[in-house]
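A.B. asks: Before I ask anything, let me first share the structure, which is written out below as structure tokens.
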Amino acid sequence: MTVLEPNIRIAIVEDDPVLRGHLLEIVTRVEGFELAGAGATRDQGRELLNADCDVLLLDLALPDGSGLDVIREARTRGMDTLKIIVISVFGDVRNVVAAIEAGADGYLLKGGDISDTERAIRDVVAGRAPISPAVAGHILARVRNSAETHPVPSISPLTEKETEVLTDLARGFSYKEVAIRQRISHHTVADHVKAIYRKLSVNSRSQAVFEAMQSGLINLQS
């Protein structure tokens, strides 16, 4: 008997009615997606944290405050399995880094191909970190600048295997793919990730990758 995968439950927090309509259309028409709720304010975003959703599509500039507050609350409440994708008009270093440090799992810029959102949702559920190319450029610039002023630590807090796992995750591989590459079980990958998060004092893959690259703990060019 074929076991059907459960639908991906998605919540949307976006104050622009046009963009919110596009996002609602994607969630309601794509097979395997299910709408968990929608809102247009920071407070409504906080309420949607109780909606038992898998993915939260979140704007940063909301009428009653910043979407960063919603991200921080989710991570403070230990909602590590909730994947948060920021969809914002702001692509500058300050906003991008603030979102990642708060615990965002992905960052997309408004104005791009709206169909990319569907791919981003599937990517983040698979354990990847969807980021718009322009945003990735800002992150790399920040890392390069940081590398010039922060020496590489002589002793890494991560074990050799944890470093290999994090490097694979930074390259976009899912947990399942990392398990195959490292010849370990999916559960062992999850255990390594928990240890990485604890040692780096982070709450998400994007935060872990950012901190590790900024500190010189991983090298994606090797």
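So you can find residues: chains in the structure tokens are A, B, ... in the order shown, residues in each start at 1, and ligands are numbered from 1 in order.
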Extract, using only C-alpha atoms, all DNA, RNA and protein residues at most 9 Å from A:Arg75, discarding same-chain residues fewer than 3 positions from it, and format them as a ChimeraX atom specification.

C.D. replies: /A:70-72,78-80,82,102-103,203-204

A.B. asks: Go ahead and dump the residues you just picked, all heavy atoms, as a PDB file, in the first residue's frame.

C.D. replies:
ATOM      1  N   VAL A  70       8.848  38.162  15.074  1.00  0.00           N
ATOM      2  CA  VAL A  70       8.156  36.879  14.918  1.00  0.00           C
ATOM      3  C   VAL A  70       9.180  35.746  14.859  1.00  0.00           C
ATOM      4  O   VAL A  70       8.994  34.687  15.479  1.00  0.00           O
ATOM      5  CB  VAL A  70       7.285  36.874  13.642  1.00  0.00           C
ATOM      6  CG1 VAL A  70       6.572  35.532  13.486  1.00  0.00           C
ATOM      7  CG2 VAL A  70       6.262  38.013  13.688  1.00  0.00           C
ATOM      8  N   ILE A  71      10.269  35.977  14.119  1.00  0.00           N
ATOM      9  CA  ILE A  71      11.319  34.958  14.021  1.00  0.00           C
ATOM     10  C   ILE A  71      11.919  34.692  15.394  1.00  0.00           C
ATOM     11  O   ILE A  71      12.063  33.535  15.810  1.00  0.00           O
ATOM     12  CB  ILE A  71      12.430  35.404  13.050  1.00  0.00           C
ATOM     13  CG1 ILE A  71      11.873  35.676  11.654  1.00  0.00           C
ATOM     14  CG2 ILE A  71      13.522  34.333  12.973  1.00  0.00           C
ATOM     15  CD1 ILE A  71      12.890  36.249  10.685  1.00  0.00           C
ATOM     16  N   ARG A  72      12.266  35.748  16.107  1.00  0.00           N
ATOM     17  CA  ARG A  72      12.890  35.592  17.428  1.00  0.00           C
ATOM     18  C   ARG A  72      11.961  34.870  18.390  1.00  0.00           C
ATOM     19  O   ARG A  72      12.411  34.027  19.173  1.00  0.00           O
ATOM     20  CB  ARG A  72      13.276  36.962  17.981  1.00  0.00           C
ATOM     21  CG  ARG A  72      14.370  37.680  17.179  1.00  0.00           C
ATOM     22  CD  ARG A  72      14.844  38.920  17.891  1.00  0.00           C
ATOM     23  NE  ARG A  72      15.816  39.659  17.095  1.00  0.00           N
ATOM     24  CZ  ARG A  72      15.566  40.817  16.481  1.00  0.00           C
ATOM     25  NH1 ARG A  72      14.356  41.373  16.591  1.00  0.00           N
ATOM     26  NH2 ARG A  72      16.501  41.422  15.772  1.00  0.00           N
ATOM     27  N   GLY A  78      11.453  27.606  21.018  1.00  0.00           N
ATOM     28  CA  GLY A  78      11.998  26.298  20.668  1.00  0.00           C
ATOM     29  C   GLY A  78      11.364  25.662  19.453  1.00  0.00           C
ATOM     30  O   GLY A  78      11.411  24.438  19.299  1.00  0.00           O
ATOM     31  N   MET A  79      10.803  26.470  18.569  1.00  0.00           N
ATOM     32  CA  MET A  79      10.142  25.942  17.376  1.00  0.00           C
ATOM     33  C   MET A  79      11.176  25.713  16.267  1.00  0.00           C
ATOM     34  O   MET A  79      11.153  26.339  15.204  1.00  0.00           O
ATOM     35  CB  MET A  79       9.045  26.905  16.923  1.00  0.00           C
ATOM     36  CG  MET A  79       8.016  27.204  18.005  1.00  0.00           C
ATOM     37  SD  MET A  79       6.747  28.404  17.504  1.00  0.00           S
ATOM     38  CE  MET A  79       5.837  27.448  16.304  1.00  0.00           C
ATOM     39  N   ASP A  80      12.100  24.788  16.526  1.00  0.00           N
ATOM     40  CA  ASP A  80      13.199  24.543  15.599  1.00  0.00           C
ATOM     41  C   ASP A  80      12.760  23.858  14.311  1.00  0.00           C
ATOM     42  O   ASP A  80      13.436  23.957  13.282  1.00  0.00           O
ATOM     43  CB  ASP A  80      14.279  23.687  16.279  1.00  0.00           C
ATOM     44  CG  ASP A  80      14.893  24.394  17.478  1.00  0.00           C
ATOM     45  OD1 ASP A  80      14.828  25.638  17.524  1.00  0.00           O
ATOM     46  OD2 ASP A  80      15.430  23.710  18.363  1.00  0.00           O
ATOM     47  N   LEU A  82      10.020  24.530  12.668  1.00  0.00           N
ATOM     48  CA  LEU A  82       9.337  25.496  11.808  1.00  0.00           C
ATOM     49  C   LEU A  82      10.351  26.158  10.895  1.00  0.00           C
ATOM     50  O   LEU A  82      11.313  26.779  11.360  1.00  0.00           O
ATOM     51  CB  LEU A  82       8.629  26.553  12.658  1.00  0.00           C
ATOM     52  CG  LEU A  82       8.012  27.730  11.883  1.00  0.00           C
ATOM     53  CD1 LEU A  82       6.904  27.240  10.952  1.00  0.00           C
ATOM     54  CD2 LEU A  82       7.497  28.796  12.834  1.00  0.00           C
ATOM     55  N   ALA A 102      18.585  36.052  13.559  1.00  0.00           N
ATOM     56  CA  ALA A 102      17.359  35.839  14.331  1.00  0.00           C
ATOM     57  C   ALA A 102      16.864  34.403  14.205  1.00  0.00           C
ATOM     58  O   ALA A 102      16.166  33.901  15.090  1.00  0.00           O
ATOM     59  CB  ALA A 102      16.269  36.810  13.869  1.00  0.00           C
ATOM     60  N   GLY A 103      17.239  33.735  13.097  1.00  0.00           N
ATOM     61  CA  GLY A 103      16.833  32.337  12.930  1.00  0.00           C
ATOM     62  C   GLY A 103      16.104  32.017  11.647  1.00  0.00           C
ATOM     63  O   GLY A 103      15.503  30.949  11.532  1.00  0.00           O
ATOM     64  N   ASN A 203      20.299  28.485  16.149  1.00  0.00           N
ATOM     65  CA  ASN A 203      19.020  27.776  16.148  1.00  0.00           C
ATOM     66  C   ASN A 203      18.581  27.292  14.771  1.00  0.00           C
ATOM     67  O   ASN A 203      17.499  26.737  14.629  1.00  0.00           O
ATOM     68  CB  ASN A 203      17.917  28.680  16.713  1.00  0.00           C
ATOM     69  CG  ASN A 203      18.170  29.070  18.149  1.00  0.00           C
ATOM     70  OD1 ASN A 203      18.376  28.215  18.997  1.00  0.00           O
ATOM     71  ND2 ASN A 203      18.170  30.367  18.418  1.00  0.00           N
ATOM     72  N   SER A 204      19.396  27.520  13.742  1.00  0.00           N
ATOM     73  CA  SER A 204      18.988  27.113  12.402  1.00  0.00           C
ATOM     74  C   SER A 204      20.208  26.823  11.542  1.00  0.00           C
ATOM     75  O   SER A 204      21.340  27.212  11.882  1.00  0.00           O
ATOM     76  CB  SER A 204      18.147  28.204  11.727  1.00  0.00           C
ATOM     77  OG  SER A 204      18.957  29.319  11.394  1.00  0.00           O
TER      78      SER A 204
END

A.B. asks: Can you tell me which residues surround A:Ile26 at a distance of at most 12 Å, considering only C-alpha atoms, apart from same-chain residues fewer than 4 positions away, and format the answer as a ChimeraX atom specification?

C.D. replies: /A:10-12,19-22,30-35,57,114-121

A.B. asks: Limited to N, CA, C and O atoms, could you put the picked residues into a file as a compact mmCIF listing (two decimals), in the first residue's frame?

C.D. replies:
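Final output, out.txt:
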# COMPACT_ATOMS: atom_id res chain seq x y z
N ILE A 10 1.52 25.66 5.31
CA ILE A 10 2.22 26.93 5.11
C ILE A 10 1.39 28.09 5.63
O ILE A 10 0.19 28.19 5.34
N ALA A 11 2.03 28.97 6.38
CA ALA A 11 1.40 30.21 6.85
C ALA A 11 2.06 31.40 6.16
O ALA A 11 3.26 31.34 5.84
N ILE A 12 1.30 32.45 5.94
CA ILE A 12 1.79 33.62 5.22
C ILE A 12 1.56 34.88 6.05
O ILE A 12 0.46 35.09 6.57
N LEU A 19 0.93 40.88 -3.29
CA LEU A 19 1.88 39.79 -3.08
C LEU A 19 1.25 38.70 -2.23
O LEU A 19 1.45 37.50 -2.49
N ARG A 20 0.47 39.10 -1.22
CA ARG A 20 -0.18 38.08 -0.39
C ARG A 20 -1.11 37.22 -1.24
O ARG A 20 -1.20 36.01 -1.06
N GLY A 21 -1.79 37.86 -2.20
CA GLY A 21 -2.67 37.12 -3.10
C GLY A 21 -1.90 36.12 -3.94
O GLY A 21 -2.35 34.99 -4.16
N HIS A 22 -0.71 36.53 -4.44
CA HIS A 22 0.12 35.62 -5.23
C HIS A 22 0.56 34.43 -4.39
O HIS A 22 0.53 33.28 -4.84
N VAL A 30 -0.95 24.49 -5.52
CA VAL A 30 0.11 23.49 -5.67
C VAL A 30 -0.22 22.22 -4.89
O VAL A 30 -0.56 22.28 -3.71
N GLU A 31 -0.15 21.10 -5.58
CA GLU A 31 -0.43 19.83 -4.93
C GLU A 31 0.60 19.56 -3.83
O GLU A 31 1.81 19.74 -4.03
N GLY A 32 0.12 19.17 -2.66
CA GLY A 32 1.02 18.89 -1.55
C GLY A 32 1.19 20.06 -0.61
O GLY A 32 1.81 19.92 0.45
N PHE A 33 0.65 21.23 -0.99
CA PHE A 33 0.70 22.41 -0.12
C PHE A 33 -0.66 22.60 0.53
O PHE A 33 -1.70 22.31 -0.06
N GLU A 34 -0.66 23.11 1.75
CA GLU A 34 -1.91 23.36 2.48
C GLU A 34 -1.78 24.66 3.26
O GLU A 34 -0.76 24.90 3.92
N LEU A 35 -2.76 25.53 3.15
CA LEU A 35 -2.72 26.81 3.84
C LEU A 35 -3.06 26.63 5.32
O LEU A 35 -4.12 26.12 5.67
N LEU A 57 6.06 31.94 5.59
CA LEU A 57 6.53 32.94 4.64
C LEU A 57 6.30 34.29 5.28
O LEU A 57 5.16 34.66 5.57
N ILE A 114 7.82 34.85 -9.04
CA ILE A 114 7.00 34.34 -7.95
C ILE A 114 6.99 32.82 -7.91
O ILE A 114 6.79 32.21 -6.86
N SER A 115 7.23 32.19 -9.06
CA SER A 115 7.25 30.73 -9.09
C SER A 115 8.43 30.16 -8.31
O SER A 115 8.42 28.98 -7.92
N ASP A 116 9.45 30.99 -8.08
CA ASP A 116 10.60 30.53 -7.30
C ASP A 116 10.20 30.22 -5.86
O ASP A 116 10.89 29.47 -5.18
N THR A 117 9.10 30.81 -5.42
CA THR A 117 8.65 30.58 -4.05
C THR A 117 8.30 29.11 -3.83
O THR A 117 8.61 28.55 -2.77
N GLU A 118 7.66 28.50 -4.80
CA GLU A 118 7.31 27.08 -4.67
C GLU A 118 8.57 26.25 -4.49
O GLU A 118 8.63 25.37 -3.61
N ARG A 119 9.58 26.54 -5.30
CA ARG A 119 10.83 25.78 -5.20
C ARG A 119 11.49 26.04 -3.84
O ARG A 119 12.04 25.12 -3.22
N ALA A 120 11.44 27.29 -3.38
CA ALA A 120 12.05 27.63 -2.09
C ALA A 120 11.38 26.87 -0.94
O ALA A 120 12.05 26.41 -0.02
N ILE A 121 10.07 26.73 -1.01
CA ILE A 121 9.34 26.02 0.05
C ILE A 121 9.77 24.56 0.08
O ILE A 121 10.05 24.00 1.15

A.B. asks: Just list the residues in stretch 1-181 of chain A DSSP gives alpha helix (DSSP H) on the backbone, as a PyMOL selection string.

C.D. replies: chain A and resi 17-29+42-48+67-76+93-102+116-125+133-149+160-170+175-181

A.B. asks: Would you please work out which residue, of A:Gly39, A:Gly111, A:Pro17, A:Gly127, is nearest to A:Leu169 when using only C-alpha atoms?

C.D. replies: A:Gly127

A.B. asks: Env of A:Arg46: 12 Å cut, atoms = only C-alpha atoms, seq-sep filter 4 positions within chain, self excluded. Answer as a PyMOL selection string.

C.D. replies: chain A and resi 11-13+37-42+50-51+56+58+64-75+77

A.B. asks: Name the residues of stretch 84-118 of chain A that come out as strand (DSSP E) in a backbone DSSP run; write them as number ranges by chain.

C.D. replies: A: 84-88, 106-109

A.B. asks: Using only C-alpha atoms, find the one residue out of A:Val165, A:Leu108, A:Ala36, A:Ala61 that sits nearest to A:Ser185.

C.D. replies: A:Val165

A.B. asks: Mind checking which residues fall within 12 Å of A:Val96, counting only C-alpha atoms, ignoring those fewer than 6 positions away in the same chain, and posting them as number ranges by chain?

C.D. replies: A: 60, 68, 85-90, 102-109, 131-132, 134-142, 206-207, 210

A.B. asks: Suppose we keep N, CA and C atoms; can you now write the selection as a PDB file, in the first residue's frame?

C.D. replies:
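Output file result_26.pdb follows:
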ATOM      1  N   LEU A  60       9.351  41.346   6.409  1.00  0.00           N
ATOM      2  CA  LEU A  60      10.019  41.994   7.533  1.00  0.00           C
ATOM      3  C   LEU A  60       9.345  43.305   7.921  1.00  0.00           C
ATOM      4  N   LEU A  68      11.132  40.429  12.229  1.00  0.00           N
ATOM      5  CA  LEU A  68      12.205  39.832  13.019  1.00  0.00           C
ATOM      6  C   LEU A  68      11.703  39.405  14.391  1.00  0.00           C
ATOM      7  N   ILE A  85      10.928  31.426   5.948  1.00  0.00           N
ATOM      8  CA  ILE A  85      11.499  32.068   4.770  1.00  0.00           C
ATOM      9  C   ILE A  85      11.081  33.535   4.761  1.00  0.00           C
ATOM     10  N   VAL A  86      12.046  34.418   4.807  1.00  0.00           N
ATOM     11  CA  VAL A  86      11.772  35.845   4.716  1.00  0.00           C
ATOM     12  C   VAL A  86      11.583  36.213   3.252  1.00  0.00           C
ATOM     13  N   ILE A  87      10.526  36.967   2.969  1.00  0.00           N
ATOM     14  CA  ILE A  87      10.307  37.510   1.623  1.00  0.00           C
ATOM     15  C   ILE A  87      10.211  39.015   1.781  1.00  0.00           C
ATOM     16  N   SER A  88      11.255  39.710   1.368  1.00  0.00           N
ATOM     17  CA  SER A  88      11.357  41.132   1.699  1.00  0.00           C
ATOM     18  C   SER A  88      11.866  41.960   0.528  1.00  0.00           C
ATOM     19  N   VAL A  89      11.552  43.227   0.558  1.00  0.00           N
ATOM     20  CA  VAL A  89      12.082  44.162  -0.423  1.00  0.00           C
ATOM     21  C   VAL A  89      13.478  44.617  -0.016  1.00  0.00           C
ATOM     22  N   PHE A  90      13.830  44.376   1.259  1.00  0.00           N
ATOM     23  CA  PHE A  90      15.128  44.796   1.772  1.00  0.00           C
ATOM     24  C   PHE A  90      16.167  43.703   1.550  1.00  0.00           C
ATOM     25  N   ALA A 102      18.585  36.052  13.559  1.00  0.00           N
ATOM     26  CA  ALA A 102      17.359  35.839  14.331  1.00  0.00           C
ATOM     27  C   ALA A 102      16.864  34.403  14.205  1.00  0.00           C
ATOM     28  N   GLY A 103      17.239  33.735  13.097  1.00  0.00           N
ATOM     29  CA  GLY A 103      16.833  32.337  12.930  1.00  0.00           C
ATOM     30  C   GLY A 103      16.104  32.017  11.647  1.00  0.00           C
ATOM     31  N   ALA A 104      16.140  32.919  10.645  1.00  0.00           N
ATOM     32  CA  ALA A 104      15.493  32.634   9.363  1.00  0.00           C
ATOM     33  C   ALA A 104      16.224  31.509   8.643  1.00  0.00           C
ATOM     34  N   ASP A 105      15.468  30.674   7.926  1.00  0.00           N
ATOM     35  CA  ASP A 105      16.049  29.548   7.196  1.00  0.00           C
ATOM     36  C   ASP A 105      16.261  29.859   5.723  1.00  0.00           C
ATOM     37  N   GLY A 106      15.685  30.945   5.242  1.00  0.00           N
ATOM     38  CA  GLY A 106      15.832  31.326   3.847  1.00  0.00           C
ATOM     39  C   GLY A 106      15.503  32.800   3.690  1.00  0.00           C
ATOM     40  N   TYR A 107      15.934  33.394   2.573  1.00  0.00           N
ATOM     41  CA  TYR A 107      15.709  34.828   2.369  1.00  0.00           C
ATOM     42  C   TYR A 107      15.527  35.083   0.880  1.00  0.00           C
ATOM     43  N   LEU A 108      14.327  35.510   0.491  1.00  0.00           N
ATOM     44  CA  LEU A 108      14.015  35.811  -0.903  1.00  0.00           C
ATOM     45  C   LEU A 108      13.674  37.284  -1.046  1.00  0.00           C
ATOM     46  N   LEU A 109      14.058  37.854  -2.163  1.00  0.00           N
ATOM     47  CA  LEU A 109      13.733  39.257  -2.430  1.00  0.00           C
ATOM     48  C   LEU A 109      12.427  39.356  -3.200  1.00  0.00           C
ATOM     49  N   ILE A 131      18.053  31.019  -0.861  1.00  0.00           N
ATOM     50  CA  ILE A 131      18.471  32.416  -0.738  1.00  0.00           C
ATOM     51  C   ILE A 131      18.576  33.012  -2.137  1.00  0.00           C
ATOM     52  N   SER A 132      18.009  34.194  -2.325  1.00  0.00           N
ATOM     53  CA  SER A 132      18.105  34.875  -3.614  1.00  0.00           C
ATOM     54  C   SER A 132      19.571  35.162  -3.931  1.00  0.00           C
ATOM     55  N   ALA A 134      21.121  37.716  -5.153  1.00  0.00           N
ATOM     56  CA  ALA A 134      21.595  39.021  -4.682  1.00  0.00           C
ATOM     57  C   ALA A 134      21.861  38.991  -3.184  1.00  0.00           C
ATOM     58  N   VAL A 135      21.013  38.282  -2.444  1.00  0.00           N
ATOM     59  CA  VAL A 135      21.191  38.163  -0.997  1.00  0.00           C
ATOM     60  C   VAL A 135      22.447  37.364  -0.686  1.00  0.00           C
ATOM     61  N   ALA A 136      22.672  36.286  -1.430  1.00  0.00           N
ATOM     62  CA  ALA A 136      23.871  35.475  -1.237  1.00  0.00           C
ATOM     63  C   ALA A 136      25.128  36.316  -1.441  1.00  0.00           C
ATOM     64  N   GLY A 137      25.070  37.236  -2.402  1.00  0.00           N
ATOM     65  CA  GLY A 137      26.201  38.122  -2.645  1.00  0.00           C
ATOM     66  C   GLY A 137      26.512  38.982  -1.439  1.00  0.00           C
ATOM     67  N   HIS A 138      25.468  39.486  -0.775  1.00  0.00           N
ATOM     68  CA  HIS A 138      25.669  40.299   0.427  1.00  0.00           C
ATOM     69  C   HIS A 138      26.310  39.471   1.538  1.00  0.00           C
ATOM     70  N   ILE A 139      25.850  38.232   1.688  1.00  0.00           N
ATOM     71  CA  ILE A 139      26.381  37.371   2.738  1.00  0.00           C
ATOM     72  C   ILE A 139      27.858  37.079   2.481  1.00  0.00           C
ATOM     73  N   LEU A 140      28.204  36.765   1.232  1.00  0.00           N
ATOM     74  CA  LEU A 140      29.596  36.484   0.903  1.00  0.00           C
ATOM     75  C   LEU A 140      30.476  37.701   1.148  1.00  0.00           C
ATOM     76  N   ALA A 141      29.963  38.877   0.808  1.00  0.00           N
ATOM     77  CA  ALA A 141      30.724  40.106   1.045  1.00  0.00           C
ATOM     78  C   ALA A 141      30.968  40.308   2.529  1.00  0.00           C
ATOM     79  N   ARG A 142      29.934  40.031   3.330  1.00  0.00           N
ATOM     80  CA  ARG A 142      30.062  40.171   4.784  1.00  0.00           C
ATOM     81  C   ARG A 142      31.098  39.181   5.321  1.00  0.00           C
ATOM     82  N   SER A 206      20.908  28.063   8.559  1.00  0.00           N
ATOM     83  CA  SER A 206      21.482  29.281   7.990  1.00  0.00           C
ATOM     84  C   SER A 206      22.367  30.008   8.997  1.00  0.00           C
ATOM     85  N   GLN A 207      21.944  30.030  10.265  1.00  0.00           N
ATOM     86  CA  GLN A 207      22.761  30.645  11.304  1.00  0.00           C
ATOM     87  C   GLN A 207      24.065  29.878  11.480  1.00  0.00           C
ATOM     88  N   PHE A 210      26.380  30.534   8.550  1.00  0.00           N
ATOM     89  CA  PHE A 210      26.880  31.903   8.598  1.00  0.00           C
ATOM     90  C   PHE A 210      27.973  32.040   9.648  1.00  0.00           C
TER      91      PHE A 210
END
